[in-house]
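What follows is a short report on a single structure.
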Amino acid sequence: MRVLGIETSCDETGVALYDTQAGLLADALYSQISMHAEYGGVVPELASRDHTRKLLPLIEEVLASAQLSRSDLDGIAYTAGPGLVGALMVGAATAHGMARALNIPVLGVHHMEGHLLAPMLEDAPPAFPFVALLVSGGHTQLVEVRGLGQYRLLGESVDDAAGEAFDKTAKMLELDYPGGPAVARLAERGDPTRFRFPRPMTDRPGLDFSFSGLKTHTLITANRLREAGEFDEQGRADIARAFEDAVVDTLVIKCRRALDQTGLKRLVVAGGVSANVRLRERLEQETAKRGAQAFYPRGRFCTDNGAMIAYVGAQRLLAGERDDSTMKAVPRWPLAELMPPAA
């Protein structure tokens with residue numbers, strides 16, 4: 001089954017073609033980062049307009065790359081949520097329009113289920129069951145995964161997501177958008193011994209996260225350096241390193257607890273923050289100590305992309321799921337609401 005995947009949940013337009021027998025055939029991605037950088041963050045209306053301009057050309061690019069035509073498609077999957085409602089509607093309308101014209105099934109899929117299963121696109125994918133850490137600009141969650149649609153939420157952020165905390169810290173440090181990669185680059189030059197920031201909610205049992213207090217501590221430290229005339233390049237780098245170390249330690253501690261609590265030996269790490277080099281190094285060390293194994297998507301599939309949507313859509317379409325004539329765009333959609341495909 002050949003499925004076209006469309007991702008338009010936020011500021012990246014992603015398209016991919018997945019074959020349930022041959023695997024990923026082609027994918028393409030257009031990032032709006034340069035456009036939104038002028039404003040220091042995503043402007044929803046501009047994002048929607050840019051998806052409208054870029055989506056159809058990207059579809060044609062992917063089909064040409066795979067040496068296929070629209071008539072070769074067996075189904076279409078699109079991101080139905082969560083995300084920016086205007087951006088979601090662009091993908092939903094395009095997918096439903098094409099599917100109706102081609103008389104093929106169409107299905108709206110969950111954006112975070114795409115991230116959750118993105119490592120399945122790799123040559124050595126994880127087997128079920130596993131623990132998944134979903135860590136991005138909008139989500140920080142630990143999930144027990146028993147199979148497609150079989151998800152049990154173990155813990156989540158009670159306030160800011162880790163990626164959101166990275167972005168806000170970047171603004172405190174006067175770094176450009178997107179903030180996460182900028183903080184990580186600056187942290188490479190930081191002194192890891194100058195500051196030690198708190199590891200929030202690690203001194204109590206449980207698997208929930210909180211990053212708002214860490215964000216406040218970072219702001220207080222930055223203001224203190226400004227007052228002392230030490231908010232120079234090195235001072236900012238030292239803050240970035242302390243912040244990154246605190247986030248990484250917190251995520252690693254919670255992942256360790258989740259593996260111990262479930263007794264599982266496989267850990268999937270996905271979402272934009274999963275590309276962080278220091279996080280990967282620490283998780284590799286921790287899983288090795290436990291005789292466990294960590295799995296990640298390749299770099300370009302850590303951020304939003306069409307390949308993960310095509311993969312999830314293909315699995316669910318193959319199981320018989322499909323939309324009715326109603327387009328689906330759900331800005332808020334808890335992952336726990338997903339169900340396995342009907343038998």
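Identifiers for the structure tokens are assigned positionally: chains receive A, B, ... in sequence, residues are indexed from 1 per chain, and ligands are indexed from 1 in the order shown.
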Near Val248 (chain A), within 8 Å and counting only C-alpha atoms, which residues show up once chain neighbours fewer than 3 positions away are dropped, as a ChimeraX atom specification? /A:244-245,251-252,278-279,282
Would you give me, as a Markdown table, each residue of region 152-229 of chain A having an atom within 9 Å of an atom of region 25-40 of chain A, along with its shortest atom pair and that distance in Å to one decimal, using only C-alpha atoms and sorting by chain and residue number?
| residue | atom | partner | partner_atom | distance |
| --- | --- | --- | --- | --- |
| A:Lys171 | CA | A:Gly40 | CA | 8.4 |
| A:Asp176 | CA | A:Ala37 | CA | 7.0 |
| A:Tyr177 | CA | A:Ala37 | CA | 5.2 |
| A:Pro178 | CA | A:Ile33 | CA | 7.2 |
Based on the selection just made, write C-alpha atoms of those residues as a CSV table (one decimal), in the first residue's frame.
chain,number,residue,atom,x,y,z
A,171,LYS,CA,15.3,34.7,24.5
A,176,ASP,CA,18.0,33.8,17.7
A,177,TYR,CA,15.0,31.6,16.9
A,178,PRO,CA,14.8,28.6,17.0
Need to verify the contact set: Arg290 (chain A), 12 Å, only C-alpha atoms, exclusion of same-chain residues closer than 3 positions in sequence. Can you return it as a list of chain:residue names? A:Cys255, A:Arg256, A:Arg257, A:Leu259, A:Asp260, A:Gly263, A:Leu264, A:Lys265, A:Arg266, A:Leu267, A:Leu283, A:Glu284, A:Gln285, A:Glu286, A:Thr287, A:Gln293, A:Ala294
What's around Gly271 (chain A) at 8 Å? Count only C-alpha atoms, leave out sequence neighbours fewer than 3 positions away in its own chain, and write the answer as a list in words. His115, Leu116, Leu134, Val135, Ser136, Ser274, Ala275, Cys302, Thr303 and Asp304 of chain A
Mind listing the alpha helix (DSSP H) residues of region 120-337 of chain A, per DSSP on the backbone, as a PyMOL selection string? chain A and resi 162-172+179-187+212-227+233-262+277-289+306-318
Against region 193-198 of chain A, which residues of region 216-298 of chain A fall within 12 Å? For each one I want the closest pair of atoms and the distance in Å (one decimal), counting only C-alpha atoms, rows by chain and increasing residue number, as JSON lines.
{"residue": "A:Thr216", "atom": "CA", "partner": "A:Phe197", "partner_atom": "CA", "distance": 10.5}
{"residue": "A:His217", "atom": "CA", "partner": "A:Phe197", "partner_atom": "CA", "distance": 7.2}
{"residue": "A:Thr218", "atom": "CA", "partner": "A:Phe197", "partner_atom": "CA", "distance": 7.7}
{"residue": "A:Leu219", "atom": "CA", "partner": "A:Phe197", "partner_atom": "CA", "distance": 11.3}
{"residue": "A:Ile220", "atom": "CA", "partner": "A:Phe197", "partner_atom": "CA", "distance": 11.0}
{"residue": "A:Thr221", "atom": "CA", "partner": "A:Phe195", "partner_atom": "CA", "distance": 9.0}
{"residue": "A:Ala222", "atom": "CA", "partner": "A:Phe195", "partner_atom": "CA", "distance": 11.3}
{"residue": "A:Leu225", "atom": "CA", "partner": "A:Phe195", "partner_atom": "CA", "distance": 11.8}
{"residue": "A:Gln234", "atom": "CA", "partner": "A:Arg194", "partner_atom": "CA", "distance": 10.7}
{"residue": "A:Gly235", "atom": "CA", "partner": "A:Arg194", "partner_atom": "CA", "distance": 9.3}
{"residue": "A:Arg236", "atom": "CA", "partner": "A:Phe195", "partner_atom": "CA", "distance": 11.3}
{"residue": "A:Ala237", "atom": "CA", "partner": "A:Arg194", "partner_atom": "CA", "distance": 10.4}
{"residue": "A:Asp238", "atom": "CA", "partner": "A:Arg194", "partner_atom": "CA", "distance": 6.7}
{"residue": "A:Ile239", "atom": "CA", "partner": "A:Phe195", "partner_atom": "CA", "distance": 7.1}
{"residue": "A:Ala240", "atom": "CA", "partner": "A:Phe195", "partner_atom": "CA", "distance": 9.8}
{"residue": "A:Arg241", "atom": "CA", "partner": "A:Phe195", "partner_atom": "CA", "distance": 8.5}
{"residue": "A:Ala242", "atom": "CA", "partner": "A:Phe195", "partner_atom": "CA", "distance": 5.8}
{"residue": "A:Phe243", "atom": "CA", "partner": "A:Phe197", "partner_atom": "CA", "distance": 6.5}
{"residue": "A:Glu244", "atom": "CA", "partner": "A:Phe197", "partner_atom": "CA", "distance": 9.3}
{"residue": "A:Asp245", "atom": "CA", "partner": "A:Phe197", "partner_atom": "CA", "distance": 8.1}
{"residue": "A:Ala246", "atom": "CA", "partner": "A:Phe197", "partner_atom": "CA", "distance": 5.9}
{"residue": "A:Val247", "atom": "CA", "partner": "A:Pro198", "partner_atom": "CA", "distance": 9.1}
{"residue": "A:Val248", "atom": "CA", "partner": "A:Phe197", "partner_atom": "CA", "distance": 11.5}
{"residue": "A:Asp249", "atom": "CA", "partner": "A:Pro198", "partner_atom": "CA", "distance": 9.8}
{"residue": "A:Thr250", "atom": "CA", "partner": "A:Pro198", "partner_atom": "CA", "distance": 9.1}
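The residue that comes closest to Ala95 (chain A), out of A:Thr262, A:Thr202, A:Gln150, A:Thr8 and on the basis of only C-alpha atoms, is A:Thr8.
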At a cut-off of 6 Å, using only C-alpha atoms, what residues contact Asp167 (chain A)? Leave out same-chain residues fewer than 3 positions from it and give the result as a PDB file with N, CA, C and O atoms, in the first residue's frame.
ATOM      1  N   GLU A 164       9.977  24.033  24.910  1.00  0.00           N
ATOM      2  CA  GLU A 164       9.502  25.394  25.169  1.00  0.00           C
ATOM      3  C   GLU A 164      10.438  26.112  26.136  1.00  0.00           C
ATOM      4  O   GLU A 164      10.733  27.305  25.969  1.00  0.00           O
ATOM      5  N   ALA A 170      16.522  30.724  25.402  1.00  0.00           N
ATOM      6  CA  ALA A 170      17.232  31.368  24.295  1.00  0.00           C
ATOM      7  C   ALA A 170      16.939  32.865  24.246  1.00  0.00           C
ATOM      8  O   ALA A 170      17.837  33.686  24.018  1.00  0.00           O
ATOM      9  N   GLY A 179      15.247  28.522  19.316  1.00  0.00           N
ATOM     10  CA  GLY A 179      16.073  28.629  20.502  1.00  0.00           C
ATOM     11  C   GLY A 179      16.807  27.384  20.922  1.00  0.00           C
ATOM     12  O   GLY A 179      17.949  27.462  21.389  1.00  0.00           O
ATOM     13  N   GLY A 180      16.182  26.204  20.780  1.00  0.00           N
ATOM     14  CA  GLY A 180      16.796  24.976  21.269  1.00  0.00           C
ATOM     15  C   GLY A 180      18.186  24.721  20.714  1.00  0.00           C
ATOM     16  O   GLY A 180      19.160  24.575  21.473  1.00  0.00           O
TER      17      GLY A 180
END
Non-local contacts of region 142-149 of chain A (10 Å; only C-alpha atoms; under 3 positions in same chain excluded) as a PyMOL selection string: chain A and resi 113+116-117+127-135+139+152-157+207-209+251+254-255+258-259+262+264+267-269+312+315-316+335-341
Would you please extract all strand (DSSP E) residues from region 23-85 of chain A, as assigned by DSSP on the backbone, and give them as a PyMOL selection string? chain A and resi 23-31+75-81
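If you measure from each of A:Trp333, A:Tyr296, A:Phe166, A:Tyr78 to Gly14 (chain A) using only C-alpha atoms, the closest one turns out to be A:Tyr78.
Take the candidates A:Ala319, A:Leu107, A:Met112, A:Cys10 and check each one against Leu88 (chain A) using only C-alpha atoms; the shortest distance goes to A:Cys10.
Note that CA of Ala16 (chain A) and CA of Ser65 (chain A) are 10.2 Å apart.
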Provide the CA of Ser48 (chain A) to CA of Ser69 (chain A) distance in Å, to one decimal place. 26.1 Å
Leu56 (chain A) environment, 12 Å, only C-alpha atoms, sequence neighbours closer than 3 positions dropped, as a PyMOL selection string: chain A and resi 6+8+13-15+28+30+50-53+59-63+70+90-91+93-95+97-98
Could you work out how far CA of Glu321 (chain A) lies from CA of Tyr151 (chain A), giving the answer in Å with one decimal? 17.9 Å
